[in-house]
Number of protein chains: 2
Amino acid sequence: MREHYHVQLGTLADMCDEAATALDKTTRALLDSDLRLAEETITDDIKIDDIRAGVEEQAFALLALQAPVATDLRIVVSAIHAAGDIERMGDLALHIARAARRRHPQPVLPDDITPYFAKMGRIGVALARKAGEVIRSRDLAAAAELETDDDAMDALHQHMFTVLMAPHWTHSVAAAVDATLLARYYERYADHAVAVARHTIYLITGQMPSPLAS
Amino acid sequence: MREHYHVQLGTLADMCDEAATALDKTTRALLDSDLRLAEETITDDIKIDDIRAGVEEQAFALLALQAPVATDLRIVVSAIHAAGDIERMGDLALHIARAARRRHPQPVLPDDITPYFAKMGRIGVALARKAGEVIRSRDLAAAAELETDDDAMDALHQHMFTVLMAPHWTHSVAAAVDATLLARYYERYADHAVAVARHTIYLITGQMPSPLAS
């Protein structure tokens, strides 16, 4: 019986890898104005949605048929939560891809701010991969690290506003609006990866770590 | 035994009302640069967080002790999802309040775009209240209506971008950045209210309505 629960965790970990791949692709689409990669991210999002639907169905079946308790029950409840977060990570990657497609063949972002987005992309991908590893290893220390890793994303996100609002911003208002939303998508993506790690901590310890700043 | 499940639904409906009140307050704080109302929204968010924690705990206890099946199980699973959505609605109201506080005593928004936000506020509050009613009444037709009601929010959100990106935008880039994020918070708030209605549809019918555009 316990095997079902391990399978479910494996699926979630794979789902994190899919979300990491989506963010990696969409970041390249954004930075290189690559329409093919943008389209690919948009099409592939359905895969992540399907995995989520599968996780939900399996969770429901396990609850109904096995009536799990203790750790097994925590696995199922955490899986329901984590699958929701990872699906949202996919959606956010999709939003970035849509922005790239909407402005194609023009780049969405002015050249001087692309390095920030390259960095946000790298941090986001690393967070998603680490969330997947944490689900596989159930390594508490590594799970707790995601919260600190996310500080780098928050710092970049804050810094973007300083850049956008500075009097020497020489680009259009439209470019600032696009950059604002894109930075927000990356920041939220990272928040959801941290949430996945928090659900994993709950799964292992039975305790939710202290509340996230909302 | 079924009483527990009804209590849980009642709590969720009340939680929707709290989220509606939060959005109403924060919208007034935003439009009137009212620091007291902004502070109140920020302080009160903990109430919504606490209700969510209570719903989660109760859901876990019901799953572990009662091993519900069929409708009862759907109530518990839906409650877990809906509580997450409503908590997020509270967080988004909080973000709006923080923006109002950050710029105080200056208004966050230029006068000419405040009517859009007044309207987004009204639509958001109405959606949250309707989501609460739908949980109480389990009225399928009303639940399905939220999706259509949300179209008005999406249209306003889209229109905001047209306004912000128009060549005759005469305000600062900073004001456009603030307005972009605020409009996004309202739009996401509405999406979560729709999600609550969708979980209610699932609870009643056992079927999730066709996927939301992500």
# chains A, B, ... in the order shown; residues from 1 in each chain; ligands from 1

call {"tool": "closest_atom_pairs", "arguments": {"of": "chain A", "to": "chain B", "cutoff": "6 Å", "atoms": "only C-alpha atoms", "output": "Markdown table"}}
result
| residue | atom | partner | partner_atom | distance |
| --- | --- | --- | --- | --- |
| A:Ala64 | CA | B:Val69 | CA | 5.3 |
| A:Ala67 | CA | B:Ala67 | CA | 5.3 |
| A:Val69 | CA | B:Ala64 | CA | 5.3 |
| A:Asp91 | CA | B:Ser214 | CA | 5.8 |
| A:Met165 | CA | B:Ala174 | CA | 4.9 |
| A:Val173 | CA | B:Val173 | CA | 5.5 |
| A:Ala174 | CA | B:Met165 | CA | 4.9 |
| A:Val177 | CA | B:Val177 | CA | 5.8 |
| A:Ser214 | CA | B:Asp91 | CA | 5.9 |

call {"tool": "closest_residue", "arguments": {"among": "A:Leu31, A:Ala190, A:Leu12, A:Ala19", "to": "A:Ala99", "atoms": "only C-alpha atoms"}}
result
A:Leu31

call {"tool": "closest_residue", "arguments": {"among": "A:Thr200, A:Ala195, A:Ala128, A:Thr114", "to": "A:Met160", "atoms": "only C-alpha atoms"}}
result
A:Thr114

call {"tool": "closest_residue", "arguments": {"among": "B:Thr11, B:Thr170, B:Glu57, B:Ser78", "to": "A:Met208", "atoms": "only C-alpha atoms"}}
result
B:Glu57

call {"tool": "atom_distance", "arguments": {"atom1": "atom CA of B:Gln8", "atom2": "atom CA of B:Ala142"}}
result
20.2 Å

call {"tool": "residues_around", "arguments": {"residues": "B:Arg103", "least_positions_apart": "2", "cutoff": "12 Å", "atoms": "only C-alpha atoms", "output": "PDB file with N, CA and C atoms, in the first residue's frame"}}
result
ATOM      1  N   ALA B  29      -9.311  52.490   1.234  1.00  0.00           N
ATOM      2  CA  ALA B  29      -7.995  52.992   1.674  1.00  0.00           C
ATOM      3  C   ALA B  29      -7.209  53.516   0.475  1.00  0.00           C
ATOM      4  N   LEU B  30      -7.286  52.756  -0.615  1.00  0.00           N
ATOM      5  CA  LEU B  30      -6.538  53.110  -1.829  1.00  0.00           C
ATOM      6  C   LEU B  30      -7.076  54.390  -2.456  1.00  0.00           C
ATOM      7  N   LEU B  31      -8.402  54.467  -2.570  1.00  0.00           N
ATOM      8  CA  LEU B  31      -9.003  55.583  -3.309  1.00  0.00           C
ATOM      9  C   LEU B  31      -9.021  56.864  -2.480  1.00  0.00           C
ATOM     10  N   ASP B  32      -9.142  56.721  -1.154  1.00  0.00           N
ATOM     11  CA  ASP B  32      -9.201  57.922  -0.293  1.00  0.00           C
ATOM     12  C   ASP B  32      -7.882  58.181   0.424  1.00  0.00           C
ATOM     13  N   SER B  33      -6.825  57.429   0.076  1.00  0.00           N
ATOM     14  CA  SER B  33      -5.547  57.519   0.795  1.00  0.00           C
ATOM     15  C   SER B  33      -5.790  57.502   2.298  1.00  0.00           C
ATOM     16  N   ASP B  34      -6.558  56.529   2.733  1.00  0.00           N
ATOM     17  CA  ASP B  34      -6.949  56.441   4.137  1.00  0.00           C
ATOM     18  C   ASP B  34      -6.023  55.456   4.863  1.00  0.00           C
ATOM     19  N   LEU B  35      -5.092  56.016   5.612  1.00  0.00           N
ATOM     20  CA  LEU B  35      -4.068  55.195   6.261  1.00  0.00           C
ATOM     21  C   LEU B  35      -4.662  54.255   7.316  1.00  0.00           C
ATOM     22  N   ALA B  38      -6.122  51.297   5.669  1.00  0.00           N
ATOM     23  CA  ALA B  38      -5.041  50.450   5.147  1.00  0.00           C
ATOM     24  C   ALA B  38      -4.447  49.617   6.280  1.00  0.00           C
ATOM     25  N   ILE B  96      -2.732  45.381  -1.619  1.00  0.00           N
ATOM     26  CA  ILE B  96      -3.296  46.672  -2.027  1.00  0.00           C
ATOM     27  C   ILE B  96      -3.157  47.663  -0.870  1.00  0.00           C
ATOM     28  N   ALA B  97      -3.457  47.188   0.340  1.00  0.00           N
ATOM     29  CA  ALA B  97      -3.350  48.058   1.523  1.00  0.00           C
ATOM     30  C   ALA B  97      -1.909  48.528   1.720  1.00  0.00           C
ATOM     31  N   ARG B  98      -0.973  47.635   1.482  1.00  0.00           N
ATOM     32  CA  ARG B  98       0.444  48.006   1.645  1.00  0.00           C
ATOM     33  C   ARG B  98       0.847  49.078   0.641  1.00  0.00           C
ATOM     34  N   ALA B  99       0.322  48.974  -0.577  1.00  0.00           N
ATOM     35  CA  ALA B  99       0.625  50.002  -1.589  1.00  0.00           C
ATOM     36  C   ALA B  99       0.076  51.345  -1.123  1.00  0.00           C
ATOM     37  N   ALA B 100      -1.147  51.342  -0.581  1.00  0.00           N
ATOM     38  CA  ALA B 100      -1.756  52.594  -0.099  1.00  0.00           C
ATOM     39  C   ALA B 100      -0.915  53.170   1.044  1.00  0.00           C
ATOM     40  N   ARG B 101      -0.448  52.309   1.934  1.00  0.00           N
ATOM     41  CA  ARG B 101       0.347  52.769   3.076  1.00  0.00           C
ATOM     42  C   ARG B 101       1.710  53.305   2.622  1.00  0.00           C
ATOM     43  N   PRO B 105       1.176  60.147   2.546  1.00  0.00           N
ATOM     44  CA  PRO B 105      -0.167  60.688   2.280  1.00  0.00           C
ATOM     45  C   PRO B 105      -0.437  60.968   0.802  1.00  0.00           C
ATOM     46  N   GLN B 106       0.501  60.616  -0.066  1.00  0.00           N
ATOM     47  CA  GLN B 106       0.223  60.770  -1.500  1.00  0.00           C
ATOM     48  C   GLN B 106      -0.769  59.696  -1.936  1.00  0.00           C
ATOM     49  N   PRO B 107      -1.653  60.001  -2.885  1.00  0.00           N
ATOM     50  CA  PRO B 107      -2.472  58.923  -3.446  1.00  0.00           C
ATOM     51  C   PRO B 107      -1.591  58.028  -4.327  1.00  0.00           C
ATOM     52  N   VAL B 108      -1.917  56.749  -4.381  1.00  0.00           N
ATOM     53  CA  VAL B 108      -1.129  55.827  -5.214  1.00  0.00           C
ATOM     54  C   VAL B 108      -1.445  56.076  -6.679  1.00  0.00           C
ATOM     55  N   LEU B 109      -2.719  56.353  -6.964  1.00  0.00           N
ATOM     56  CA  LEU B 109      -3.181  56.390  -8.356  1.00  0.00           C
ATOM     57  C   LEU B 109      -3.510  57.806  -8.790  1.00  0.00           C
ATOM     58  N   ALA B 174       6.443  55.533 -12.593  1.00  0.00           N
ATOM     59  CA  ALA B 174       6.178  54.954 -11.264  1.00  0.00           C
ATOM     60  C   ALA B 174       4.678  54.736 -11.056  1.00  0.00           C
ATOM     61  N   ALA B 175       3.876  55.712 -11.458  1.00  0.00           N
ATOM     62  CA  ALA B 175       2.421  55.575 -11.308  1.00  0.00           C
ATOM     63  C   ALA B 175       1.905  54.423 -12.170  1.00  0.00           C
ATOM     64  N   ASP B 178       2.813  51.131 -10.401  1.00  0.00           N
ATOM     65  CA  ASP B 178       1.881  50.895  -9.288  1.00  0.00           C
ATOM     66  C   ASP B 178       0.523  50.423  -9.808  1.00  0.00           C
TER      67      ASP B 178
END

call {"tool": "residues_around", "arguments": {"residues": "A:Leu140", "least_positions_apart": "6", "cutoff": "9 Å", "atoms": "only C-alpha atoms", "output": "NGL selection string"}}
result
:A and (134 or 197 or 200-201 or 204-205)

call {"tool": "decode", "arguments": {"residues": "stretch 121-166 of chain B", "atoms": "N, CA and C atoms", "output": "PDB file, in the first residue's frame"}}
result
ATOM      1  N   GLY B 121     -12.867  47.165  -7.560  1.00  0.00           N
ATOM      2  CA  GLY B 121     -13.154  46.874  -6.155  1.00  0.00           C
ATOM      3  C   GLY B 121     -14.573  46.362  -5.981  1.00  0.00           C
ATOM      4  N   ARG B 122     -15.530  47.051  -6.609  1.00  0.00           N
ATOM      5  CA  ARG B 122     -16.933  46.632  -6.472  1.00  0.00           C
ATOM      6  C   ARG B 122     -17.145  45.232  -7.039  1.00  0.00           C
ATOM      7  N   ILE B 123     -16.562  44.981  -8.212  1.00  0.00           N
ATOM      8  CA  ILE B 123     -16.733  43.654  -8.825  1.00  0.00           C
ATOM      9  C   ILE B 123     -16.105  42.571  -7.930  1.00  0.00           C
ATOM     10  N   GLY B 124     -14.912  42.850  -7.420  1.00  0.00           N
ATOM     11  CA  GLY B 124     -14.219  41.876  -6.568  1.00  0.00           C
ATOM     12  C   GLY B 124     -15.027  41.556  -5.313  1.00  0.00           C
ATOM     13  N   VAL B 125     -15.528  42.612  -4.659  1.00  0.00           N
ATOM     14  CA  VAL B 125     -16.316  42.410  -3.435  1.00  0.00           C
ATOM     15  C   VAL B 125     -17.566  41.583  -3.753  1.00  0.00           C
ATOM     16  N   ALA B 126     -18.234  41.935  -4.854  1.00  0.00           N
ATOM     17  CA  ALA B 126     -19.453  41.201  -5.237  1.00  0.00           C
ATOM     18  C   ALA B 126     -19.130  39.732  -5.525  1.00  0.00           C
ATOM     19  N   LEU B 127     -18.006  39.478  -6.186  1.00  0.00           N
ATOM     20  CA  LEU B 127     -17.625  38.090  -6.482  1.00  0.00           C
ATOM     21  C   LEU B 127     -17.374  37.307  -5.193  1.00  0.00           C
ATOM     22  N   ALA B 128     -16.691  37.929  -4.257  1.00  0.00           N
ATOM     23  CA  ALA B 128     -16.385  37.233  -2.998  1.00  0.00           C
ATOM     24  C   ALA B 128     -17.676  36.937  -2.234  1.00  0.00           C
ATOM     25  N   ARG B 129     -18.576  37.921  -2.191  1.00  0.00           N
ATOM     26  CA  ARG B 129     -19.834  37.694  -1.463  1.00  0.00           C
ATOM     27  C   ARG B 129     -20.652  36.598  -2.153  1.00  0.00           C
ATOM     28  N   LYS B 130     -20.661  36.641  -3.479  1.00  0.00           N
ATOM     29  CA  LYS B 130     -21.416  35.629  -4.210  1.00  0.00           C
ATOM     30  C   LYS B 130     -20.806  34.237  -4.000  1.00  0.00           C
ATOM     31  N   ALA B 131     -19.485  34.171  -3.946  1.00  0.00           N
ATOM     32  CA  ALA B 131     -18.832  32.876  -3.682  1.00  0.00           C
ATOM     33  C   ALA B 131     -19.285  32.342  -2.322  1.00  0.00           C
ATOM     34  N   GLY B 132     -19.373  33.233  -1.336  1.00  0.00           N
ATOM     35  CA  GLY B 132     -19.858  32.828  -0.006  1.00  0.00           C
ATOM     36  C   GLY B 132     -21.292  32.319  -0.065  1.00  0.00           C
ATOM     37  N   GLU B 133     -22.136  33.046  -0.806  1.00  0.00           N
ATOM     38  CA  GLU B 133     -23.548  32.624  -0.926  1.00  0.00           C
ATOM     39  C   GLU B 133     -23.666  31.264  -1.604  1.00  0.00           C
ATOM     40  N   VAL B 134     -22.845  31.084  -2.633  1.00  0.00           N
ATOM     41  CA  VAL B 134     -22.885  29.831  -3.390  1.00  0.00           C
ATOM     42  C   VAL B 134     -22.493  28.654  -2.492  1.00  0.00           C
ATOM     43  N   ILE B 135     -21.517  28.875  -1.610  1.00  0.00           N
ATOM     44  CA  ILE B 135     -21.128  27.810  -0.677  1.00  0.00           C
ATOM     45  C   ILE B 135     -22.315  27.502   0.255  1.00  0.00           C
ATOM     46  N   ARG B 136     -23.030  28.567   0.666  1.00  0.00           N
ATOM     47  CA  ARG B 136     -24.168  28.348   1.579  1.00  0.00           C
ATOM     48  C   ARG B 136     -25.350  27.672   0.867  1.00  0.00           C
ATOM     49  N   SER B 137     -25.639  28.153  -0.351  1.00  0.00           N
ATOM     50  CA  SER B 137     -26.850  27.680  -1.037  1.00  0.00           C
ATOM     51  C   SER B 137     -26.598  26.429  -1.865  1.00  0.00           C
ATOM     52  N   ARG B 138     -25.341  26.198  -2.214  1.00  0.00           N
ATOM     53  CA  ARG B 138     -24.966  25.147  -3.179  1.00  0.00           C
ATOM     54  C   ARG B 138     -25.845  25.246  -4.428  1.00  0.00           C
ATOM     55  N   ASP B 139     -25.980  26.473  -4.894  1.00  0.00           N
ATOM     56  CA  ASP B 139     -26.789  26.748  -6.081  1.00  0.00           C
ATOM     57  C   ASP B 139     -25.861  26.678  -7.300  1.00  0.00           C
ATOM     58  N   LEU B 140     -26.030  25.615  -8.058  1.00  0.00           N
ATOM     59  CA  LEU B 140     -25.135  25.360  -9.197  1.00  0.00           C
ATOM     60  C   LEU B 140     -25.154  26.479 -10.221  1.00  0.00           C
ATOM     61  N   ALA B 141     -26.355  26.978 -10.530  1.00  0.00           N
ATOM     62  CA  ALA B 141     -26.476  28.017 -11.556  1.00  0.00           C
ATOM     63  C   ALA B 141     -25.737  29.277 -11.099  1.00  0.00           C
ATOM     64  N   ALA B 142     -25.927  29.645  -9.834  1.00  0.00           N
ATOM     65  CA  ALA B 142     -25.239  30.830  -9.305  1.00  0.00           C
ATOM     66  C   ALA B 142     -23.723  30.630  -9.322  1.00  0.00           C
ATOM     67  N   ALA B 143     -23.293  29.406  -8.986  1.00  0.00           N
ATOM     68  CA  ALA B 143     -21.852  29.122  -8.988  1.00  0.00           C
ATOM     69  C   ALA B 143     -21.270  29.312 -10.385  1.00  0.00           C
ATOM     70  N   ALA B 144     -22.012  28.844 -11.391  1.00  0.00           N
ATOM     71  CA  ALA B 144     -21.526  28.967 -12.769  1.00  0.00           C
ATOM     72  C   ALA B 144     -21.484  30.428 -13.210  1.00  0.00           C
ATOM     73  N   GLU B 145     -22.367  31.244 -12.657  1.00  0.00           N
ATOM     74  CA  GLU B 145     -22.412  32.668 -13.016  1.00  0.00           C
ATOM     75  C   GLU B 145     -21.122  33.419 -12.700  1.00  0.00           C
ATOM     76  N   LEU B 146     -20.425  32.981 -11.651  1.00  0.00           N
ATOM     77  CA  LEU B 146     -19.225  33.725 -11.254  1.00  0.00           C
ATOM     78  C   LEU B 146     -18.219  33.838 -12.397  1.00  0.00           C
ATOM     79  N   GLU B 147     -18.152  32.792 -13.187  1.00  0.00           N
ATOM     80  CA  GLU B 147     -17.218  32.785 -14.319  1.00  0.00           C
ATOM     81  C   GLU B 147     -17.537  33.953 -15.268  1.00  0.00           C
ATOM     82  N   THR B 148     -18.823  34.127 -15.543  1.00  0.00           N
ATOM     83  CA  THR B 148     -19.250  35.216 -16.425  1.00  0.00           C
ATOM     84  C   THR B 148     -19.067  36.576 -15.740  1.00  0.00           C
ATOM     85  N   ASP B 149     -19.411  36.633 -14.432  1.00  0.00           N
ATOM     86  CA  ASP B 149     -19.234  37.885 -13.689  1.00  0.00           C
ATOM     87  C   ASP B 149     -17.781  38.351 -13.764  1.00  0.00           C
ATOM     88  N   ASP B 150     -16.884  37.376 -13.758  1.00  0.00           N
ATOM     89  CA  ASP B 150     -15.456  37.694 -13.764  1.00  0.00           C
ATOM     90  C   ASP B 150     -15.014  38.329 -15.086  1.00  0.00           C
ATOM     91  N   ASP B 151     -15.776  38.104 -16.144  1.00  0.00           N
ATOM     92  CA  ASP B 151     -15.415  38.704 -17.441  1.00  0.00           C
ATOM     93  C   ASP B 151     -15.315  40.219 -17.346  1.00  0.00           C
ATOM     94  N   ALA B 152     -16.169  40.818 -16.507  1.00  0.00           N
ATOM     95  CA  ALA B 152     -16.138  42.274 -16.344  1.00  0.00           C
ATOM     96  C   ALA B 152     -14.806  42.709 -15.730  1.00  0.00           C
ATOM     97  N   MET B 153     -14.314  41.901 -14.793  1.00  0.00           N
ATOM     98  CA  MET B 153     -13.005  42.220 -14.186  1.00  0.00           C
ATOM     99  C   MET B 153     -11.900  42.082 -15.227  1.00  0.00           C
ATOM    100  N   ASP B 154     -11.936  41.000 -16.001  1.00  0.00           N
ATOM    101  CA  ASP B 154     -10.910  40.782 -17.017  1.00  0.00           C
ATOM    102  C   ASP B 154     -10.903  41.917 -18.041  1.00  0.00           C
ATOM    103  N   ALA B 155     -12.106  42.351 -18.398  1.00  0.00           N
ATOM    104  CA  ALA B 155     -12.204  43.433 -19.389  1.00  0.00           C
ATOM    105  C   ALA B 155     -11.595  44.720 -18.821  1.00  0.00           C
ATOM    106  N   LEU B 156     -11.887  45.021 -17.560  1.00  0.00           N
ATOM    107  CA  LEU B 156     -11.309  46.224 -16.936  1.00  0.00           C
ATOM    108  C   LEU B 156      -9.792  46.118 -16.850  1.00  0.00           C
ATOM    109  N   HIS B 157      -9.342  44.917 -16.488  1.00  0.00           N
ATOM    110  CA  HIS B 157      -7.906  44.678 -16.355  1.00  0.00           C
ATOM    111  C   HIS B 157      -7.210  44.914 -17.698  1.00  0.00           C
ATOM    112  N   GLN B 158      -7.786  44.364 -18.750  1.00  0.00           N
ATOM    113  CA  GLN B 158      -7.231  44.576 -20.097  1.00  0.00           C
ATOM    114  C   GLN B 158      -7.264  46.049 -20.462  1.00  0.00           C
ATOM    115  N   HIS B 159      -8.375  46.688 -20.170  1.00  0.00           N
ATOM    116  CA  HIS B 159      -8.531  48.087 -20.527  1.00  0.00           C
ATOM    117  C   HIS B 159      -7.483  48.956 -19.821  1.00  0.00           C
ATOM    118  N   MET B 160      -7.169  48.597 -18.569  1.00  0.00           N
ATOM    119  CA  MET B 160      -6.141  49.337 -17.819  1.00  0.00           C
ATOM    120  C   MET B 160      -4.830  49.387 -18.595  1.00  0.00           C
ATOM    121  N   PHE B 161      -4.460  48.262 -19.206  1.00  0.00           N
ATOM    122  CA  PHE B 161      -3.195  48.236 -19.950  1.00  0.00           C
ATOM    123  C   PHE B 161      -3.243  49.162 -21.145  1.00  0.00           C
ATOM    124  N   THR B 162      -4.398  49.179 -21.803  1.00  0.00           N
ATOM    125  CA  THR B 162      -4.553  50.086 -22.939  1.00  0.00           C
ATOM    126  C   THR B 162      -4.339  51.525 -22.464  1.00  0.00           C
ATOM    127  N   VAL B 163      -4.938  51.841 -21.314  1.00  0.00           N
ATOM    128  CA  VAL B 163      -4.806  53.205 -20.783  1.00  0.00           C
ATOM    129  C   VAL B 163      -3.355  53.504 -20.408  1.00  0.00           C
ATOM    130  N   LEU B 164      -2.729  52.537 -19.720  1.00  0.00           N
ATOM    131  CA  LEU B 164      -1.358  52.776 -19.236  1.00  0.00           C
ATOM    132  C   LEU B 164      -0.364  52.897 -20.377  1.00  0.00           C
ATOM    133  N   MET B 165      -0.620  52.143 -21.436  1.00  0.00           N
ATOM    134  CA  MET B 165       0.358  52.106 -22.523  1.00  0.00           C
ATOM    135  C   MET B 165       0.056  53.115 -23.622  1.00  0.00           C
ATOM    136  N   ALA B 166      -1.040  53.837 -23.461  1.00  0.00           N
ATOM    137  CA  ALA B 166      -1.416  54.807 -24.506  1.00  0.00           C
ATOM    138  C   ALA B 166      -0.405  55.953 -24.547  1.00  0.00           C
TER     139      ALA B 166
END
